[in-house]
$ cat model.txt   # compact mmCIF, C-alpha atoms
# COMPACT_ATOMS: atom_id res chain seq x y z
CA MET A 1 75.86 -18.66 -39.01
CA HIS A 2 72.84 -17.26 -40.75
CA GLY A 3 71.21 -18.36 -44.00
CA GLU A 4 68.03 -17.36 -45.79
CA TYR A 5 66.11 -18.78 -48.69
CA LYS A 6 62.83 -17.64 -50.17
CA THR A 7 60.89 -20.21 -52.14
CA PRO A 8 59.79 -18.56 -55.41
CA GLY A 9 56.09 -17.73 -55.03
CA GLY A 10 56.36 -18.91 -51.43
CA LYS A 11 57.78 -17.86 -48.10
CA LEU A 12 61.09 -17.05 -46.44
CA VAL A 13 63.02 -19.59 -44.37
CA VAL A 14 65.78 -18.40 -42.05
CA VAL A 15 68.30 -20.71 -40.38
CA ASP A 16 70.61 -19.64 -37.55
CA PHE A 17 73.19 -21.96 -35.95
CA ASP A 18 76.75 -22.30 -34.72
CA VAL A 19 79.31 -24.81 -35.87
CA VAL A 20 80.97 -26.56 -32.93
CA ASP A 21 83.56 -29.28 -33.58
CA GLY A 22 82.39 -29.47 -37.17
CA ARG A 23 78.74 -30.00 -36.25
CA LEU A 24 75.60 -27.85 -36.49
CA CYS A 25 74.72 -26.64 -33.03
CA GLY A 26 71.87 -24.54 -31.60
CA VAL A 27 69.87 -24.73 -34.82
CA GLU A 28 66.96 -22.29 -35.09
CA VAL A 29 64.58 -22.35 -38.03
CA SER A 30 62.26 -19.39 -38.51
CA GLY A 31 60.42 -17.46 -41.20
CA ASP A 32 57.08 -16.22 -42.47
CA PHE A 33 55.92 -19.66 -43.64
CA PHE A 34 52.91 -21.63 -42.42
CA LEU A 35 53.22 -24.94 -40.61
CA GLU A 36 50.67 -27.26 -39.05
CA PRO A 37 50.98 -28.38 -36.36
CA PRO A 38 53.31 -25.61 -35.10
CA GLU A 39 55.23 -28.07 -32.91
CA ALA A 40 56.65 -29.64 -36.08
CA LEU A 41 59.12 -26.75 -36.15
CA GLU A 42 61.07 -28.37 -33.31
CA ARG A 43 61.30 -31.58 -35.34
CA ILE A 44 62.70 -29.70 -38.31
CA ALA A 45 65.35 -27.94 -36.21
CA GLY A 46 66.02 -31.18 -34.32
CA ALA A 47 66.70 -33.05 -37.57
CA LEU A 48 69.60 -30.68 -38.23
CA GLU A 49 71.03 -30.48 -34.72
CA GLY A 50 74.42 -32.14 -34.32
CA LEU A 51 74.76 -32.94 -38.00
CA PRO A 52 78.38 -32.94 -39.22
CA VAL A 53 78.98 -30.09 -41.64
CA SER A 54 80.75 -32.61 -43.89
CA GLU A 55 77.43 -34.41 -44.34
CA ALA A 56 75.43 -31.26 -44.93
CA GLU A 57 74.72 -31.71 -48.62
CA GLU A 58 71.44 -30.15 -49.70
CA GLU A 59 69.82 -33.43 -50.68
CA GLN A 60 70.83 -35.21 -47.47
CA LEU A 61 69.61 -32.33 -45.34
CA ALA A 62 66.24 -32.27 -47.07
CA GLU A 63 65.91 -36.03 -46.68
CA ARG A 64 66.69 -35.87 -42.96
CA ILE A 65 64.10 -33.15 -42.45
CA ARG A 66 61.50 -35.05 -44.43
CA ALA A 67 62.13 -38.21 -42.44
CA SER A 68 61.70 -36.36 -39.14
CA LEU A 69 58.18 -35.21 -39.93
CA ASP A 70 55.09 -37.16 -39.00
CA GLU A 71 52.45 -37.84 -41.58
CA GLY A 72 49.90 -35.04 -41.67
CA VAL A 73 52.43 -32.26 -41.16
CA GLU A 74 51.62 -29.44 -43.58
CA MET A 75 54.37 -27.12 -44.78
CA VAL A 76 52.87 -24.18 -46.67
CA GLY A 77 55.09 -21.83 -48.67
CA PHE A 78 58.27 -23.78 -47.91
CA SER A 79 59.64 -27.33 -47.99
CA PRO A 80 62.42 -29.55 -46.61
CA GLU A 81 64.45 -28.50 -49.66
CA ALA A 82 63.98 -24.81 -48.82
CA VAL A 83 65.26 -25.34 -45.28
CA ALA A 84 68.20 -27.35 -46.65
CA ARG A 85 69.07 -24.56 -49.06
CA ALA A 86 69.02 -21.98 -46.26
CA VAL A 87 71.45 -24.18 -44.28
CA ARG A 88 73.76 -24.49 -47.28
CA ARG A 89 73.72 -20.73 -47.75
CA ALA A 90 74.71 -20.24 -44.11
CA LEU A 91 77.79 -22.43 -44.54
CA PRO A 92 80.93 -20.95 -46.05
CA MET B 1 40.38 -18.13 -57.52
CA SER B 2 37.61 -19.63 -55.40
CA GLU B 3 35.66 -20.31 -58.57
CA GLN B 4 38.46 -22.60 -59.75
CA VAL B 5 38.20 -24.72 -56.64
CA VAL B 6 34.47 -24.91 -56.13
CA THR B 7 31.84 -23.30 -58.31
CA ARG B 8 30.31 -20.06 -57.19
CA SER B 9 27.08 -21.74 -56.15
CA GLU B 10 28.95 -24.45 -54.26
CA ALA B 11 30.96 -21.77 -52.50
CA GLN B 12 27.73 -19.96 -51.67
CA ALA B 13 26.23 -23.15 -50.27
CA ARG B 14 29.29 -23.84 -48.13
CA TRP B 15 29.11 -20.47 -46.42
CA ARG B 16 25.34 -20.61 -46.17
CA GLN B 17 25.29 -23.85 -44.22
CA TYR B 18 26.25 -21.86 -41.11
CA ARG B 19 24.73 -19.05 -39.11
CA TRP B 20 27.43 -16.36 -39.01
CA GLN B 21 27.85 -13.98 -36.13
CA LEU B 22 29.42 -10.53 -36.32
CA LEU B 23 31.61 -9.05 -33.60
CA TYR B 24 32.34 -5.39 -34.31
CA GLY B 25 33.16 -2.27 -32.38
CA GLU B 26 34.95 -3.07 -29.14
CA ALA B 27 38.64 -2.11 -28.97
CA PHE B 28 41.32 -4.20 -27.24
CA ASP B 29 45.03 -3.97 -26.60
CA PRO B 30 47.44 -5.99 -28.76
CA ALA B 31 47.99 -8.95 -26.41
CA MET B 32 44.25 -9.23 -25.82
CA GLN B 33 43.65 -9.37 -29.58
CA MET B 34 46.00 -12.34 -29.84
CA ALA B 35 44.27 -14.04 -26.91
CA LEU B 36 40.77 -13.43 -28.26
CA ASP B 37 41.77 -15.10 -31.52
CA GLU B 38 42.81 -18.25 -29.67
CA VAL B 39 39.75 -18.25 -27.39
CA LEU B 40 37.25 -17.72 -30.20
CA THR B 41 38.93 -20.36 -32.37
CA ARG B 42 38.70 -22.83 -29.48
CA ARG B 43 35.08 -21.93 -28.84
CA VAL B 44 34.02 -22.41 -32.44
CA GLY B 45 36.01 -25.65 -32.56
CA ALA B 46 34.25 -26.90 -29.43
CA GLY B 47 30.82 -25.91 -30.74
CA GLN B 48 30.39 -23.33 -27.98
CA ARG B 49 30.11 -20.43 -30.39
CA LEU B 50 28.58 -19.95 -33.84
CA PRO B 51 31.00 -19.38 -36.72
CA THR B 52 32.10 -15.79 -36.34
CA LEU B 53 33.43 -12.80 -38.25
CA ARG B 54 35.25 -10.38 -35.95
CA PHE B 55 36.47 -6.91 -36.85
CA TRP B 56 39.28 -5.71 -34.62
CA GLU B 57 39.67 -2.26 -33.16
CA TRP B 58 43.04 -1.45 -31.60
CA THR B 59 43.68 0.62 -28.47
CA ALA B 60 47.42 0.86 -29.11
CA PRO B 61 49.95 0.44 -31.92
CA ALA B 62 51.57 -2.96 -32.31
CA VAL B 63 53.95 -5.03 -34.30
CA VAL B 64 52.40 -8.47 -34.70
CA ILE B 65 54.88 -11.15 -35.68
CA GLY B 66 54.07 -14.57 -37.11
CA ARG B 67 54.19 -17.75 -35.03
CA PHE B 68 57.42 -18.90 -36.71
CA GLN B 69 59.32 -15.65 -36.99
CA SER B 70 62.44 -14.81 -35.05
CA LEU B 71 61.83 -11.78 -32.86
CA ARG B 72 65.28 -10.25 -33.35
CA ASN B 73 65.38 -11.00 -37.07
CA GLU B 74 62.05 -9.30 -37.73
CA VAL B 75 61.74 -6.38 -35.33
CA ASP B 76 64.00 -3.51 -34.38
CA GLN B 77 62.92 -3.68 -30.75
CA GLU B 78 64.75 -0.50 -29.80
CA VAL B 79 62.88 1.52 -32.43
CA ALA B 80 59.61 -0.17 -31.43
CA ARG B 81 60.19 0.85 -27.81
CA GLN B 82 61.04 4.43 -28.76
CA LEU B 83 57.87 4.70 -30.84
CA GLY B 84 55.72 3.15 -28.10
CA ILE B 85 54.86 0.11 -30.19
CA THR B 86 54.05 -3.16 -28.40
CA VAL B 87 55.45 -6.32 -29.97
CA VAL B 88 53.21 -9.39 -29.78
CA ARG B 89 53.25 -12.81 -31.42
CA ARG B 90 50.15 -14.39 -32.96
CA ILE B 91 49.32 -18.10 -33.27
CA THR B 92 49.30 -18.13 -37.07
CA GLY B 93 52.30 -18.18 -39.37
CA GLY B 94 53.06 -15.50 -41.93
CA GLY B 95 54.91 -12.23 -41.72
CA ALA B 96 55.25 -9.33 -39.31
CA MET B 97 52.96 -6.37 -39.63
CA LEU B 98 52.55 -2.93 -38.11
CA THR B 99 49.14 -1.85 -36.84
CA GLU B 100 47.94 1.43 -35.38
CA PRO B 101 44.49 2.41 -34.10
CA GLY B 102 42.34 3.60 -36.99
CA LYS B 103 45.04 2.91 -39.55
CA VAL B 104 44.41 -0.71 -40.47
CA ILE B 105 41.39 -2.91 -41.11
CA THR B 106 41.80 -6.24 -39.33
CA TYR B 107 39.30 -9.08 -39.20
CA SER B 108 39.20 -12.74 -38.22
CA ILE B 109 37.04 -15.57 -39.44
CA TYR B 110 36.50 -18.47 -37.03
CA ALA B 111 34.98 -21.37 -38.92
CA PRO B 112 34.38 -25.10 -38.75
CA PRO B 113 36.97 -26.98 -40.84
CA GLU B 114 34.22 -28.32 -43.11
CA LEU B 115 33.93 -24.85 -44.65
CA VAL B 116 37.25 -25.46 -46.45
CA ALA B 117 37.15 -29.27 -46.65
CA GLY B 118 38.91 -30.65 -49.72
CA MET B 119 40.75 -27.41 -50.41
CA SER B 120 44.49 -26.96 -50.11
CA PHE B 121 45.74 -24.23 -47.79
CA VAL B 122 46.53 -22.08 -50.79
CA GLU B 123 43.04 -22.53 -52.26
CA SER B 124 41.34 -21.82 -48.96
CA TYR B 125 43.03 -18.42 -48.54
CA ALA B 126 41.44 -17.04 -51.69
CA PHE B 127 38.13 -18.74 -50.90
CA LEU B 128 37.90 -17.21 -47.42
CA ASP B 129 38.63 -13.69 -48.67
CA ALA B 130 36.57 -13.68 -51.90
CA TRP B 131 33.92 -11.50 -50.19
CA VAL B 132 36.59 -8.92 -49.32
CA ILE B 133 37.81 -8.68 -52.90
CA GLU B 134 34.18 -8.13 -53.97
CA ALA B 135 33.72 -5.42 -51.34
CA LEU B 136 36.92 -3.58 -52.32
CA ARG B 137 36.08 -3.74 -56.01
CA SER B 138 32.59 -2.40 -55.34
CA LEU B 139 34.31 0.66 -53.85
CA GLY B 140 36.38 1.17 -56.97
CA ILE B 141 39.57 -0.42 -55.64
CA ASP B 142 41.08 -2.77 -58.20
CA ALA B 143 42.01 -5.49 -55.74
CA TRP B 144 42.82 -9.13 -56.37
CA TYR B 145 44.20 -12.14 -54.54
CA GLN B 146 47.88 -12.89 -54.92
CA PRO B 147 48.61 -16.44 -53.73
CA ILE B 148 49.52 -17.56 -51.19
CA ASN B 149 48.06 -14.99 -48.87
CA ASP B 150 48.19 -11.42 -50.17
CA ILE B 151 45.42 -9.00 -51.03
CA THR B 152 47.01 -6.75 -53.61
CA SER B 153 46.37 -4.12 -56.28
CA ALA B 154 48.14 -2.51 -59.22
CA GLU B 155 49.48 0.11 -56.80
CA GLY B 156 50.90 -2.43 -54.38
CA LYS B 157 50.06 -4.81 -51.59
CA ILE B 158 47.00 -3.92 -49.51
CA GLY B 159 47.12 -6.64 -46.89
CA GLY B 160 47.99 -10.16 -45.90
CA ALA B 161 46.13 -13.16 -44.52
CA ALA B 162 47.25 -15.87 -42.15
CA GLN B 163 45.61 -19.11 -41.20
CA ALA B 164 45.80 -21.78 -38.55
CA ARG B 165 43.86 -25.01 -38.39
CA ARG B 166 43.79 -25.75 -34.73
CA PHE B 167 41.51 -26.56 -31.81
CA GLY B 168 39.01 -28.17 -34.19
CA ALA B 169 38.49 -25.00 -36.20
CA VAL B 170 39.96 -22.76 -38.88
CA LEU B 171 41.25 -19.36 -37.89
CA HIS B 172 41.73 -17.01 -40.83
CA HIS B 173 42.70 -13.43 -40.16
CA VAL B 174 43.70 -10.50 -42.34
CA THR B 175 45.19 -7.09 -41.81
CA MET B 176 44.84 -4.48 -44.55
CA ALA B 177 46.74 -1.22 -44.42
CA TYR B 178 44.38 1.76 -44.44
CA ASP B 179 46.68 4.63 -43.54
CA ILE B 180 49.89 2.99 -42.32
CA SER B 181 53.04 4.90 -43.14
CA PRO B 182 55.28 2.67 -45.26
CA GLN B 183 58.29 4.57 -43.92
CA LYS B 184 57.36 3.60 -40.38
CA VAL B 185 57.02 -0.04 -41.45
CA VAL B 186 60.58 -0.18 -42.71
CA GLN B 187 61.78 1.70 -39.64
CA VAL B 188 60.49 -0.90 -37.20
CA LEU B 189 60.44 -4.09 -39.29
CA ARG B 190 63.55 -5.63 -40.75
CA ILE B 191 62.57 -6.55 -44.28
CA GLY B 192 65.47 -8.41 -45.77
CA ARG B 193 66.59 -8.46 -49.35
CA GLU B 194 66.00 -12.18 -49.69
CA LYS B 195 62.32 -11.67 -48.99
CA LEU B 196 62.03 -9.23 -51.86
CA SER B 197 64.07 -11.39 -54.19
CA ASP B 198 61.28 -12.70 -56.41
CA LYS B 199 58.95 -9.75 -56.08
CA GLY B 200 60.87 -7.57 -58.48
CA ILE B 201 60.29 -4.55 -56.29
CA PRO B 202 63.29 -2.36 -55.61
CA SER B 203 62.14 -0.66 -52.44
CA ALA B 204 60.44 -2.00 -49.35
CA GLU B 205 58.38 1.18 -49.05
CA ARG B 206 56.76 0.46 -52.37
CA ARG B 207 55.51 -2.94 -51.32
CA VAL B 208 52.55 -1.51 -49.40
CA ALA B 209 49.75 0.54 -50.95
CA PRO B 210 47.42 1.54 -48.10
CA LEU B 211 43.71 1.79 -48.96
CA ARG B 212 43.57 5.48 -48.22
CA GLN B 213 46.08 6.04 -51.00
CA GLN B 214 43.63 4.38 -53.38
CA THR B 215 40.32 5.84 -52.21
CA ASN B 216 39.17 8.90 -50.29
CA LEU B 217 36.64 6.88 -48.34
CA PRO B 218 36.76 6.86 -44.54
CA ARG B 219 37.90 3.62 -42.97
CA GLU B 220 34.45 2.99 -41.45
CA THR B 221 32.84 3.18 -44.89
CA ILE B 222 35.13 0.42 -46.15
CA THR B 223 34.48 -1.74 -43.09
CA GLU B 224 30.74 -1.22 -43.39
CA ARG B 225 30.77 -2.18 -47.05
CA MET B 226 32.71 -5.32 -46.16
CA ILE B 227 30.07 -6.21 -43.57
CA GLU B 228 27.30 -5.56 -46.09
CA VAL B 229 28.90 -7.79 -48.70
CA PHE B 230 29.53 -10.58 -46.18
CA ALA B 231 25.93 -10.34 -44.98
CA THR B 232 24.55 -10.43 -48.50
CA ARG B 233 26.70 -13.35 -49.63
CA HIS B 234 26.79 -15.46 -46.51
CA GLY B 235 24.24 -14.15 -44.02
CA LEU B 236 25.31 -12.40 -40.81
CA GLU B 237 23.73 -11.77 -37.41
CA GLU B 238 24.93 -9.38 -34.79
CA GLY B 239 26.69 -11.10 -31.93
CA ARG B 240 28.60 -10.11 -28.84
CA LEU B 241 31.56 -11.36 -26.89
CA GLN B 242 30.50 -13.35 -23.85
CA PRO B 243 31.89 -12.34 -20.44
CA GLU B 244 33.47 -15.79 -20.06
CA GLU B 245 35.22 -15.39 -23.43
CA ILE B 246 36.71 -12.11 -22.29
CA ALA B 247 37.75 -13.64 -18.97
CA GLU B 248 39.37 -16.60 -20.72
CA ALA B 249 41.25 -14.25 -23.04
CA GLU B 250 42.46 -12.12 -20.12
CA GLU B 251 43.81 -15.27 -18.50
CA LEU B 252 45.62 -16.17 -21.74
CA VAL B 253 47.19 -12.70 -21.84
CA ARG B 254 48.52 -13.34 -18.33
CA THR B 255 49.84 -16.83 -19.03
CA LYS B 256 50.83 -16.61 -22.70
CA PHE B 257 50.35 -13.67 -25.02
CA GLY B 258 51.52 -11.01 -22.59
CA THR B 259 54.66 -12.94 -21.61
CA HIS B 260 58.17 -12.54 -22.94
CA GLU B 261 58.47 -16.36 -23.11
CA TRP B 262 55.78 -16.47 -25.79
CA THR B 263 56.83 -13.36 -27.71
CA ALA B 264 60.44 -14.58 -27.77
CA ILE B 265 59.59 -18.27 -28.30
CA LEU B 266 61.81 -17.90 -31.37
CA PRO B 267 64.31 -15.32 -30.10
$ encode --input "model.txt" --output "structure tokens"
Amino acid sequence: MHGEYKTPGGKLVVVDFDVVDGRLCGVEVSGDFFLEPPEALERIAGALEGLPVSEAEEEQLAERIRASLDEGVEMVGFSPEAVARAVRRALP
Amino acid sequence: MSEQVVTRSEAQARWRQYRWQLLYGEAFDPAMQMALDEVLTRRVGAGQRLPTLRFWEWTAPAVVIGRFQSLRNEVDQEVARQLGITVVRRITGGGAMLTEPGKVITYSIYAPPELVAGMSFVESYAFLDAWVIEALRSLGIDAWYQPINDITSAEGKIGGAAQARRFGAVLHHVTMAYDISPQKVVQVLRIGREKLSDKGIPSAERRVAPLRQQTNLPRETITERMIEVFATRHGLEEGRLQPEEIAEAEELVRTKFGTHEWTAILP
């Protein structure tokens, strides 16, 4: 599955994953955004890994991503909501 | 833009609190460029080097992808290989770009974080490139800053900036197209429709307006004016790369920037 979302005035977020037994699997988040520290990207992808598709509402996804990030993480040109929207767009 | 964040005299004072060094002239291959950026950022962060402005010269064409981009989503690697273009990944975020020797103007600023203290990322981009906008305008190019990180003009985008705040320093680098063929860009880079969705631009080719299209001046003349303007605004001394910096960068090419593991860290 492949979904993209570009934040207006911001950057592109791309999400690639498979759905296995109704869950998100092998989640990769990429794009031309800025993120400090860079390692936070693994936290964002990790927050989505294994999530049941049935629970993948945009708001819930964004909340999960937000909760996974340490204080001091800077997302520039994108947001937890942007990643969530890219996931939703990937799903049928 | 910078004037909205800090006044012009405050901005002046911020830059002027440092002695700036210029690195200009020596050409390196693409992986070495990536490595030098990391080494020089570390050195400035550790206080082992004065804040530095480096102009890049390239020995070979390259596609440089952003830290968070997917290699396969961004680059047609088969076309890159056929055209003899090396694909490397940099440590800053942002988008993929095509560079060729003599056809782009690329520079890096390595600065202490205090230079941009109190500014948001978005504010600091315009602040760190205000001297470039002045230099381009002084050459008759109607350039302005398009947040977050684009240097643009009525004819189209000239270049893009990317930043990382790491190793105790700020790395800010920019590539401007001088004579890059927009057709070649779309041949080797996959520029999706979603990316163009809020730009209102129908064709990817039209997104880039290389400097040579906007002025007849040689590339060196533009670079030299940029150096003049930086020197006048902020002060600038000639510097040189230290042998240990080059050695450290060569080691980083071997262990990181020249490896497939790094380039395909996001496959």
$ closest_atom_pairs --input "model.txt" --of "chain A" --to "chain B" --cutoff "9 Å" --atoms "all atoms listed in the file" --output "JSON lines"
{"residue": "A:Glu4", "atom": "CA", "partner": "B:Glu194", "partner_atom": "CA", "distance": 6.8}
{"residue": "A:Tyr5", "atom": "CA", "partner": "B:Glu194", "partner_atom": "CA", "distance": 6.7}
{"residue": "A:Lys6", "atom": "CA", "partner": "B:Lys195", "partner_atom": "CA", "distance": 6.1}
{"residue": "A:Thr7", "atom": "CA", "partner": "B:Asp198", "partner_atom": "CA", "distance": 8.6}
{"residue": "A:Pro8", "atom": "CA", "partner": "B:Asp198", "partner_atom": "CA", "distance": 6.1}
{"residue": "A:Gly9", "atom": "CA", "partner": "B:Asp198", "partner_atom": "CA", "distance": 7.4}
{"residue": "A:Gly10", "atom": "CA", "partner": "B:Ile148", "partner_atom": "CA", "distance": 7.0}
{"residue": "A:Lys11", "atom": "CA", "partner": "B:Lys195", "partner_atom": "CA", "distance": 7.7}
{"residue": "A:Leu12", "atom": "CA", "partner": "B:Lys195", "partner_atom": "CA", "distance": 6.1}
{"residue": "A:Val14", "atom": "CA", "partner": "B:Ser70", "partner_atom": "CA", "distance": 8.5}
{"residue": "A:Glu28", "atom": "CA", "partner": "B:Leu266", "partner_atom": "CA", "distance": 7.7}
{"residue": "A:Val29", "atom": "CA", "partner": "B:Phe68", "partner_atom": "CA", "distance": 8.1}
{"residue": "A:Ser30", "atom": "CA", "partner": "B:Gln69", "partner_atom": "CA", "distance": 5.0}
{"residue": "A:Gly31", "atom": "CA", "partner": "B:Gln69", "partner_atom": "CA", "distance": 4.7}
{"residue": "A:Asp32", "atom": "CA", "partner": "B:Gly94", "partner_atom": "CA", "distance": 4.1}
{"residue": "A:Phe33", "atom": "CA", "partner": "B:Gly94", "partner_atom": "CA", "distance": 5.3}
{"residue": "A:Phe34", "atom": "CA", "partner": "B:Gly93", "partner_atom": "CA", "distance": 4.6}
{"residue": "A:Leu35", "atom": "CA", "partner": "B:Gly93", "partner_atom": "CA", "distance": 6.9}
{"residue": "A:Glu36", "atom": "CA", "partner": "B:Arg165", "partner_atom": "CA", "distance": 7.2}
{"residue": "A:Pro37", "atom": "CA", "partner": "B:Arg166", "partner_atom": "CA", "distance": 7.8}
{"residue": "A:Pro38", "atom": "CA", "partner": "B:Arg67", "partner_atom": "CA", "distance": 7.9}
{"residue": "A:Leu41", "atom": "CA", "partner": "B:Phe68", "partner_atom": "CA", "distance": 8.1}
{"residue": "A:Glu74", "atom": "CA", "partner": "B:Phe121", "partner_atom": "CA", "distance": 8.9}
{"residue": "A:Val76", "atom": "CA", "partner": "B:Phe121", "partner_atom": "CA", "distance": 7.2}
{"residue": "A:Gly77", "atom": "CA", "partner": "B:Ile148", "partner_atom": "CA", "distance": 7.5}
$ write_last_selection --input "model.txt" --atoms "C-alpha atoms" --output "compact mmCIF listing (two decimals), in the coordinates of the input"
# COMPACT_ATOMS: atom_id res chain seq x y z
CA GLU A 4 68.03 -17.36 -45.79
CA TYR A 5 66.11 -18.78 -48.69
CA LYS A 6 62.83 -17.64 -50.17
CA THR A 7 60.89 -20.21 -52.14
CA PRO A 8 59.79 -18.56 -55.41
CA GLY A 9 56.09 -17.73 -55.03
CA GLY A 10 56.36 -18.91 -51.43
CA LYS A 11 57.78 -17.86 -48.10
CA LEU A 12 61.09 -17.05 -46.44
CA VAL A 14 65.78 -18.40 -42.05
CA GLU A 28 66.96 -22.29 -35.09
CA VAL A 29 64.58 -22.35 -38.03
CA SER A 30 62.26 -19.39 -38.51
CA GLY A 31 60.42 -17.46 -41.20
CA ASP A 32 57.08 -16.22 -42.47
CA PHE A 33 55.92 -19.66 -43.64
CA PHE A 34 52.91 -21.63 -42.42
CA LEU A 35 53.22 -24.94 -40.61
CA GLU A 36 50.67 -27.26 -39.05
CA PRO A 37 50.98 -28.38 -36.36
CA PRO A 38 53.31 -25.61 -35.10
CA LEU A 41 59.12 -26.75 -36.15
CA GLU A 74 51.62 -29.44 -43.58
CA VAL A 76 52.87 -24.18 -46.67
CA GLY A 77 55.09 -21.83 -48.67
$ atom_distance --input "model.txt" --atom1 "CA of Gly72 in chain A" --atom2 "CA of Val88 in chain B"
28.5 Å
$ closest_residue --input "model.txt" --among "A:Glu42, A:Leu24, A:Leu69, A:Arg85" --to "Glu55 in chain A" --atoms "only C-alpha atoms"
A:Leu24
$ residues_around --input "model.txt" --residues "Thr152 in chain B" --least-positions-apart "4" --cutoff "12 Å" --atoms "all atoms listed in the file" --output "list in words"
Ala126, Asp129, Val132, Ile133, Leu136, Arg137, Ile141, Asp142, Ala143, Trp144, Tyr145, Gln146, Pro147, Ile148, Gly156, Lys157, Ile158, Gly159, Gly160, Ala161, Thr175, Met176, Ala177, Arg207, Val208, Ala209, Pro210, Leu211 and Gln214 of chain B
$ atom_distance --input "model.txt" --atom1 "CA of Glu134 in chain B" --atom2 "CA of Thr223 in chain B"
12.6 Å
$ atom_distance --input "model.txt" --atom1 "CA of Ala67 in chain A" --atom2 "CA of Val83 in chain A"
13.5 Å
$ residues_around --input "model.txt" --residues "Glu220 in chain B" --least-positions-apart "4" --cutoff "10 Å" --atoms "all atoms listed in the file" --output "JSON, numbers by chain"
{"B": [102, 105, 224, 225, 226]}
$ residues_around --input "model.txt" --residues "Glu57 in chain A" --least-positions-apart "3" --cutoff "12 Å" --atoms "all atoms listed in the file" --output "list in words"
Leu48, Leu51, Pro52, Val53, Ser54, Gln60, Leu61, Ala62, Glu63, Arg64, Glu81, Val83, Ala84, Arg85, Ala86, Val87, Arg88, Arg89 and Leu91 of chain A
$ closest_residue --input "model.txt" --among "B:Leu115, B:Ile222, B:Val79, B:Val186" --to "Ser138 in chain B" --atoms "only C-alpha atoms"
B:Ile222
$ closest_residue --input "model.txt" --among "A:Ala47, A:Met1, A:Gly26, A:Val13" --to "Ser79 in chain A" --atoms "all atoms listed in the file"
A:Val13
$ closest_residue --input "model.txt" --among "A:Gly50, A:Gly3, A:Ile44, A:Met75" --to "Val19 in chain A" --atoms "all atoms listed in the file"
A:Gly50
$ build_atoms --input "model.txt" --residues "range 121-132 of chain B" --atoms "N, CA and C atoms" --output "mmCIF file, keeping the file's coordinate frame"
data_model
loop_
_atom_site.group_PDB
_atom_site.id
_atom_site.type_symbol
_atom_site.label_atom_id
_atom_site.label_comp_id
_atom_site.auth_asym_id
_atom_site.auth_seq_id
_atom_site.Cartn_x
_atom_site.Cartn_y
_atom_site.Cartn_z
ATOM 1 N N PHE B 121 45.583 -25.485 -48.536
ATOM 2 C CA PHE B 121 45.740 -24.230 -47.790
ATOM 3 C C PHE B 121 45.684 -23.046 -48.762
ATOM 4 N N VAL B 122 46.429 -23.194 -49.843
ATOM 5 C CA VAL B 122 46.530 -22.080 -50.790
ATOM 6 C C VAL B 122 45.149 -21.742 -51.361
ATOM 7 N N GLU B 123 44.385 -22.770 -51.713
ATOM 8 C CA GLU B 123 43.040 -22.530 -52.260
ATOM 9 C C GLU B 123 42.127 -21.872 -51.230
ATOM 10 N N SER B 124 42.270 -22.310 -49.978
ATOM 11 C CA SER B 124 41.340 -21.820 -48.960
ATOM 12 C C SER B 124 41.564 -20.334 -48.646
ATOM 13 N N TYR B 125 42.791 -19.852 -48.797
ATOM 14 C CA TYR B 125 43.030 -18.420 -48.540
ATOM 15 C C TYR B 125 42.159 -17.559 -49.457
ATOM 16 N N ALA B 126 42.213 -17.847 -50.741
ATOM 17 C CA ALA B 126 41.440 -17.040 -51.690
ATOM 18 C C ALA B 126 39.940 -17.224 -51.465
ATOM 19 N N PHE B 127 39.548 -18.443 -51.147
ATOM 20 C CA PHE B 127 38.130 -18.740 -50.900
ATOM 21 C C PHE B 127 37.601 -17.921 -49.720
ATOM 22 N N LEU B 128 38.376 -17.862 -48.641
ATOM 23 C CA LEU B 128 37.900 -17.210 -47.420
ATOM 24 C C LEU B 128 37.893 -15.685 -47.524
ATOM 25 N N ASP B 129 38.588 -15.139 -48.504
ATOM 26 C CA ASP B 129 38.630 -13.690 -48.670
ATOM 27 C C ASP B 129 37.924 -13.184 -49.925
ATOM 28 N N ALA B 130 37.227 -14.089 -50.638
ATOM 29 C CA ALA B 130 36.570 -13.680 -51.900
ATOM 30 C C ALA B 130 35.581 -12.531 -51.651
ATOM 31 N N TRP B 131 34.889 -12.559 -50.516
ATOM 32 C CA TRP B 131 33.920 -11.500 -50.190
ATOM 33 C C TRP B 131 34.611 -10.148 -50.010
ATOM 34 N N VAL B 132 35.853 -10.163 -49.540
ATOM 35 C CA VAL B 132 36.590 -8.920 -49.320
ATOM 36 C C VAL B 132 36.987 -8.298 -50.662
#
